Amino acid sequence: MSSSSGGAKDAAAPPQAAQQKAPQQENNAGQAVQAVEQQERQLVRTATVDLRSDDVLKAIGQVKDRAAAVGGFAGEENSTKNSGSVTVRVPSAELDKVVRDLTGVGEVTRSEVRSEDVTDQLVDVEARIATQRASVERLRVLFERAGSTSEVAQVEQELTKRQAELESMQRRSASLKGQVAMATLTVRVATVPIAAPEPEKVGFLGALAGGWDALVAVVGVILIGVGAMLPFLVALGVPAFAVVYLLRRRRRVTRMNEAA
């Protein structure tokens, strides 16, 4: 096998310099994973709060002020005179405090805080990043040692591919860490209490209710279709009936004449 083919398959037969670096890079990978595992559980926290307030715009402004006071920032906002909502990002450690402080903004009619453990996801991503980084480093050594033009092109193509994969993993890791660091709080405000969402029905009764709703929806669609077609059926059906009637009458008269 030529040296060019060997350059494209560095993972199977890396140069001696790359092999010497591999143990150190693998140790770094293990240390990165261990560092994540030794941390506290990595939680993505989100909260939803419903408020009743006579002044919706003022209440939304106070929500944003409370988020800014703890180092957060406002995101999406949608408000009218009678209702509105705002989504803010606050440090995860401050989420509970901000939620409690909302009692000073308006009447809290509903509050829900959720947490998703992403520790395993982070451990997996960090391990893949460390492994991919070691693979990129080995390819860089191969690239420096490449001799022929074809070998340079082949190694460079594989290096670009693995570098792109590494950057994608790094963005995924940064996104997860950002979600862990900053919790998402959605506050809905209205001048009248916001109705709580209906609890999801489960079991036989839930399936029965879902089937009935589906049946009603299908029947409704069918009736709408029939209603839309009815004017055309009337407009086309009456002339068609008249033509058929006249043809049958003419045929009957013809038979009577022939019989006579």
# chains A, B, ... in the order shown; residues from 1 in each chain; ligands from 1
>>> residues_around(residues="A:Val49", least_positions_apart="6", cutoff="10 Å", atoms="only C-alpha atoms", output="count of residues only")
14
>>> residues_around(residues="stretch 61-70 of chain A", least_positions_apart="3", cutoff="9 Å", atoms="only C-alpha atoms", output="ChimeraX atom specification")
/A:56-58,73-74,86-91,94,98,101-102,105,187
>>> write_last_selection(atoms="C-alpha atoms", output="PDB file, in the first residue's frame")
ATOM      1  CA  VAL A  56     -49.940  44.369  32.372  1.00  0.00           C
ATOM      2  CA  LEU A  57     -47.222  46.560  30.853  1.00  0.00           C
ATOM      3  CA  LYS A  58     -45.975  47.696  34.249  1.00  0.00           C
ATOM      4  CA  PHE A  73     -31.705  39.477  30.533  1.00  0.00           C
ATOM      5  CA  ALA A  74     -35.022  39.630  28.709  1.00  0.00           C
ATOM      6  CA  VAL A  86     -42.188  37.768  28.599  1.00  0.00           C
ATOM      7  CA  THR A  87     -39.369  35.231  28.612  1.00  0.00           C
ATOM      8  CA  VAL A  88     -36.246  36.041  30.604  1.00  0.00           C
ATOM      9  CA  ARG A  89     -32.954  34.217  31.217  1.00  0.00           C
ATOM     10  CA  VAL A  90     -31.568  34.311  34.745  1.00  0.00           C
ATOM     11  CA  PRO A  91     -28.682  32.486  36.457  1.00  0.00           C
ATOM     12  CA  GLU A  94     -31.172  32.731  41.157  1.00  0.00           C
ATOM     13  CA  VAL A  98     -36.780  35.452  41.143  1.00  0.00           C
ATOM     14  CA  ASP A 101     -40.058  37.772  44.181  1.00  0.00           C
ATOM     15  CA  LEU A 102     -42.787  37.743  41.520  1.00  0.00           C
ATOM     16  CA  VAL A 105     -45.326  42.071  40.923  1.00  0.00           C
ATOM     17  CA  VAL A 187     -44.098  34.871  32.835  1.00  0.00           C
TER      18      VAL A 187
END
>>> atom_distance(atom1="atom CA of A:Val238", atom2="atom CA of A:Val219")
27.1 Å
>>> closest_residue(among="A:Ala146, A:Leu159, A:Ala93, A:Leu176", to="A:Val123", atoms="only C-alpha atoms")
A:Leu176
>>> atom_distance(atom1="atom CA of A:Arg138", atom2="atom CA of A:Val152")
14.1 Å
>>> residues_around(residues="stretch 168-170 of chain A", least_positions_apart="3", cutoff="8 Å", atoms="only C-alpha atoms", output="PyMOL selection string")
chain A and resi 125+128-129+164-165+173-174
>>> residues_around(residues="A:Val180", least_positions_apart="6", cutoff="8 Å", atoms="only C-alpha atoms", output="PyMOL selection string")
chain A and resi 42-45+92
>>> write_last_selection(atoms="N, CA, C and O atoms", output="PDB file, in the first residue's frame")
ATOM      1  N   GLN A  42     -25.673  18.400  36.461  1.00  0.00           N
ATOM      2  CA  GLN A  42     -25.890  19.507  35.543  1.00  0.00           C
ATOM      3  C   GLN A  42     -27.374  19.551  35.168  1.00  0.00           C
ATOM      4  O   GLN A  42     -27.874  18.651  34.482  1.00  0.00           O
ATOM      5  N   LEU A  43     -28.067  20.586  35.615  1.00  0.00           N
ATOM      6  CA  LEU A  43     -29.513  20.677  35.428  1.00  0.00           C
ATOM      7  C   LEU A  43     -29.869  21.854  34.537  1.00  0.00           C
ATOM      8  O   LEU A  43     -29.376  22.967  34.722  1.00  0.00           O
ATOM      9  N   VAL A  44     -30.749  21.584  33.590  1.00  0.00           N
ATOM     10  CA  VAL A  44     -31.351  22.652  32.786  1.00  0.00           C
ATOM     11  C   VAL A  44     -32.687  22.999  33.435  1.00  0.00           C
ATOM     12  O   VAL A  44     -33.601  22.178  33.466  1.00  0.00           O
ATOM     13  N   ARG A  45     -32.791  24.211  33.957  1.00  0.00           N
ATOM     14  CA  ARG A  45     -33.963  24.591  34.732  1.00  0.00           C
ATOM     15  C   ARG A  45     -34.831  25.567  33.935  1.00  0.00           C
ATOM     16  O   ARG A  45     -34.336  26.504  33.300  1.00  0.00           O
ATOM     17  N   SER A  92     -29.150  30.155  36.895  1.00  0.00           N
ATOM     18  CA  SER A  92     -29.924  29.046  37.454  1.00  0.00           C
ATOM     19  C   SER A  92     -30.021  29.112  38.975  1.00  0.00           C
ATOM     20  O   SER A  92     -31.058  28.787  39.561  1.00  0.00           O
TER      21      SER A  92
END
>>> select_by_dssp(residues="stretch 70-226 of chain A", states="alpha helix (DSSP H)", output="ChimeraX atom specification")
/A:95-101,119-145,149-181,203-226
>>> closest_residue(among="A:Gly71, A:Gly147, A:Gly210, A:Gly84", to="A:Ile194", atoms="only C-alpha atoms")
A:Gly84
>>> residues_around(residues="A:Asn82", least_positions_apart="4", cutoff="8 Å", atoms="only C-alpha atoms", output="number ranges by chain")
A: 55-56, 190-191
>>> residues_around(residues="A:Val136", least_positions_apart="3", cutoff="8 Å", atoms="only C-alpha atoms", output="ChimeraX atom specification")
/A:132-133,139-140,159,162-163
>>> atom_distance(atom1="atom CA of A:Gly75", atom2="atom CA of A:Leu51")
18.1 Å
>>> select_by_dssp(residues="stretch 129-220 of chain A", states="strand (DSSP E)", output="JSON, numbers by chain")
{"A": [182, 183, 184, 185, 186, 187, 188, 189, 190]}
>>> write_last_selection(atoms="all heavy atoms", output="PDB file, in the first residue's frame")
ATOM      1  N   MET A 182     -27.820  29.354  32.641  1.00  0.00           N
ATOM      2  CA  MET A 182     -28.895  30.342  32.625  1.00  0.00           C
ATOM      3  C   MET A 182     -30.242  29.641  32.484  1.00  0.00           C
ATOM      4  O   MET A 182     -30.499  28.955  31.482  1.00  0.00           O
ATOM      5  CB  MET A 182     -28.700  31.332  31.476  1.00  0.00           C
ATOM      6  CG  MET A 182     -27.381  32.100  31.527  1.00  0.00           C
ATOM      7  SD  MET A 182     -27.269  33.232  32.944  1.00  0.00           S
ATOM      8  CE  MET A 182     -28.433  34.506  32.438  1.00  0.00           C
ATOM      9  N   ALA A 183     -31.086  29.786  33.486  1.00  0.00           N
ATOM     10  CA  ALA A 183     -32.418  29.192  33.455  1.00  0.00           C
ATOM     11  C   ALA A 183     -33.365  30.066  32.630  1.00  0.00           C
ATOM     12  O   ALA A 183     -33.144  31.266  32.456  1.00  0.00           O
ATOM     13  CB  ALA A 183     -32.959  29.039  34.876  1.00  0.00           C
ATOM     14  N   THR A 184     -34.414  29.444  32.125  1.00  0.00           N
ATOM     15  CA  THR A 184     -35.414  30.150  31.318  1.00  0.00           C
ATOM     16  C   THR A 184     -36.702  30.305  32.132  1.00  0.00           C
ATOM     17  O   THR A 184     -37.252  29.323  32.618  1.00  0.00           O
ATOM     18  CB  THR A 184     -35.710  29.383  30.022  1.00  0.00           C
ATOM     19  OG1 THR A 184     -34.506  29.222  29.275  1.00  0.00           O
ATOM     20  CG2 THR A 184     -36.727  30.132  29.172  1.00  0.00           C
ATOM     21  N   LEU A 185     -37.153  31.540  32.251  1.00  0.00           N
ATOM     22  CA  LEU A 185     -38.374  31.835  33.001  1.00  0.00           C
ATOM     23  C   LEU A 185     -39.371  32.526  32.072  1.00  0.00           C
ATOM     24  O   LEU A 185     -39.062  33.556  31.477  1.00  0.00           O
ATOM     25  CB  LEU A 185     -38.065  32.748  34.198  1.00  0.00           C
ATOM     26  CG  LEU A 185     -39.272  33.363  34.929  1.00  0.00           C
ATOM     27  CD1 LEU A 185     -40.161  32.275  35.541  1.00  0.00           C
ATOM     28  CD2 LEU A 185     -38.797  34.337  36.007  1.00  0.00           C
ATOM     29  N   THR A 186     -40.555  31.943  31.951  1.00  0.00           N
ATOM     30  CA  THR A 186     -41.628  32.522  31.144  1.00  0.00           C
ATOM     31  C   THR A 186     -42.728  32.998  32.074  1.00  0.00           C
ATOM     32  O   THR A 186     -43.251  32.215  32.883  1.00  0.00           O
ATOM     33  CB  THR A 186     -42.186  31.492  30.148  1.00  0.00           C
ATOM     34  OG1 THR A 186     -41.139  31.058  29.281  1.00  0.00           O
ATOM     35  CG2 THR A 186     -43.298  32.104  29.307  1.00  0.00           C
ATOM     36  N   VAL A 187     -43.072  34.274  31.970  1.00  0.00           N
ATOM     37  CA  VAL A 187     -44.098  34.871  32.835  1.00  0.00           C
ATOM     38  C   VAL A 187     -45.246  35.360  31.954  1.00  0.00           C
ATOM     39  O   VAL A 187     -45.021  36.132  31.003  1.00  0.00           O
ATOM     40  CB  VAL A 187     -43.534  36.043  33.657  1.00  0.00           C
ATOM     41  CG1 VAL A 187     -44.626  36.626  34.552  1.00  0.00           C
ATOM     42  CG2 VAL A 187     -42.353  35.573  34.499  1.00  0.00           C
ATOM     43  N   ARG A 188     -46.436  34.901  32.259  1.00  0.00           N
ATOM     44  CA  ARG A 188     -47.639  35.358  31.561  1.00  0.00           C
ATOM     45  C   ARG A 188     -48.442  36.244  32.508  1.00  0.00           C
ATOM     46  O   ARG A 188     -48.669  35.875  33.667  1.00  0.00           O
ATOM     47  CB  ARG A 188     -48.482  34.177  31.087  1.00  0.00           C
ATOM     48  CG  ARG A 188     -47.752  33.246  30.126  1.00  0.00           C
ATOM     49  CD  ARG A 188     -48.683  32.213  29.526  1.00  0.00           C
ATOM     50  NE  ARG A 188     -49.304  31.384  30.563  1.00  0.00           N
ATOM     51  CZ  ARG A 188     -50.270  30.505  30.316  1.00  0.00           C
ATOM     52  NH1 ARG A 188     -50.746  30.362  29.096  1.00  0.00           N
ATOM     53  NH2 ARG A 188     -50.767  29.773  31.296  1.00  0.00           N
ATOM     54  N   VAL A 189     -48.862  37.383  32.005  1.00  0.00           N
ATOM     55  CA  VAL A 189     -49.568  38.355  32.826  1.00  0.00           C
ATOM     56  C   VAL A 189     -50.906  38.677  32.172  1.00  0.00           C
ATOM     57  O   VAL A 189     -50.981  38.835  30.942  1.00  0.00           O
ATOM     58  CB  VAL A 189     -48.751  39.649  33.003  1.00  0.00           C
ATOM     59  CG1 VAL A 189     -49.438  40.575  33.993  1.00  0.00           C
ATOM     60  CG2 VAL A 189     -47.327  39.333  33.460  1.00  0.00           C
ATOM     61  N   ALA A 190     -51.957  38.795  32.979  1.00  0.00           N
ATOM     62  CA  ALA A 190     -53.277  39.156  32.466  1.00  0.00           C
ATOM     63  C   ALA A 190     -54.030  39.908  33.545  1.00  0.00           C
ATOM     64  O   ALA A 190     -53.729  39.806  34.742  1.00  0.00           O
ATOM     65  CB  ALA A 190     -54.060  37.915  32.035  1.00  0.00           C
TER      66      ALA A 190
END
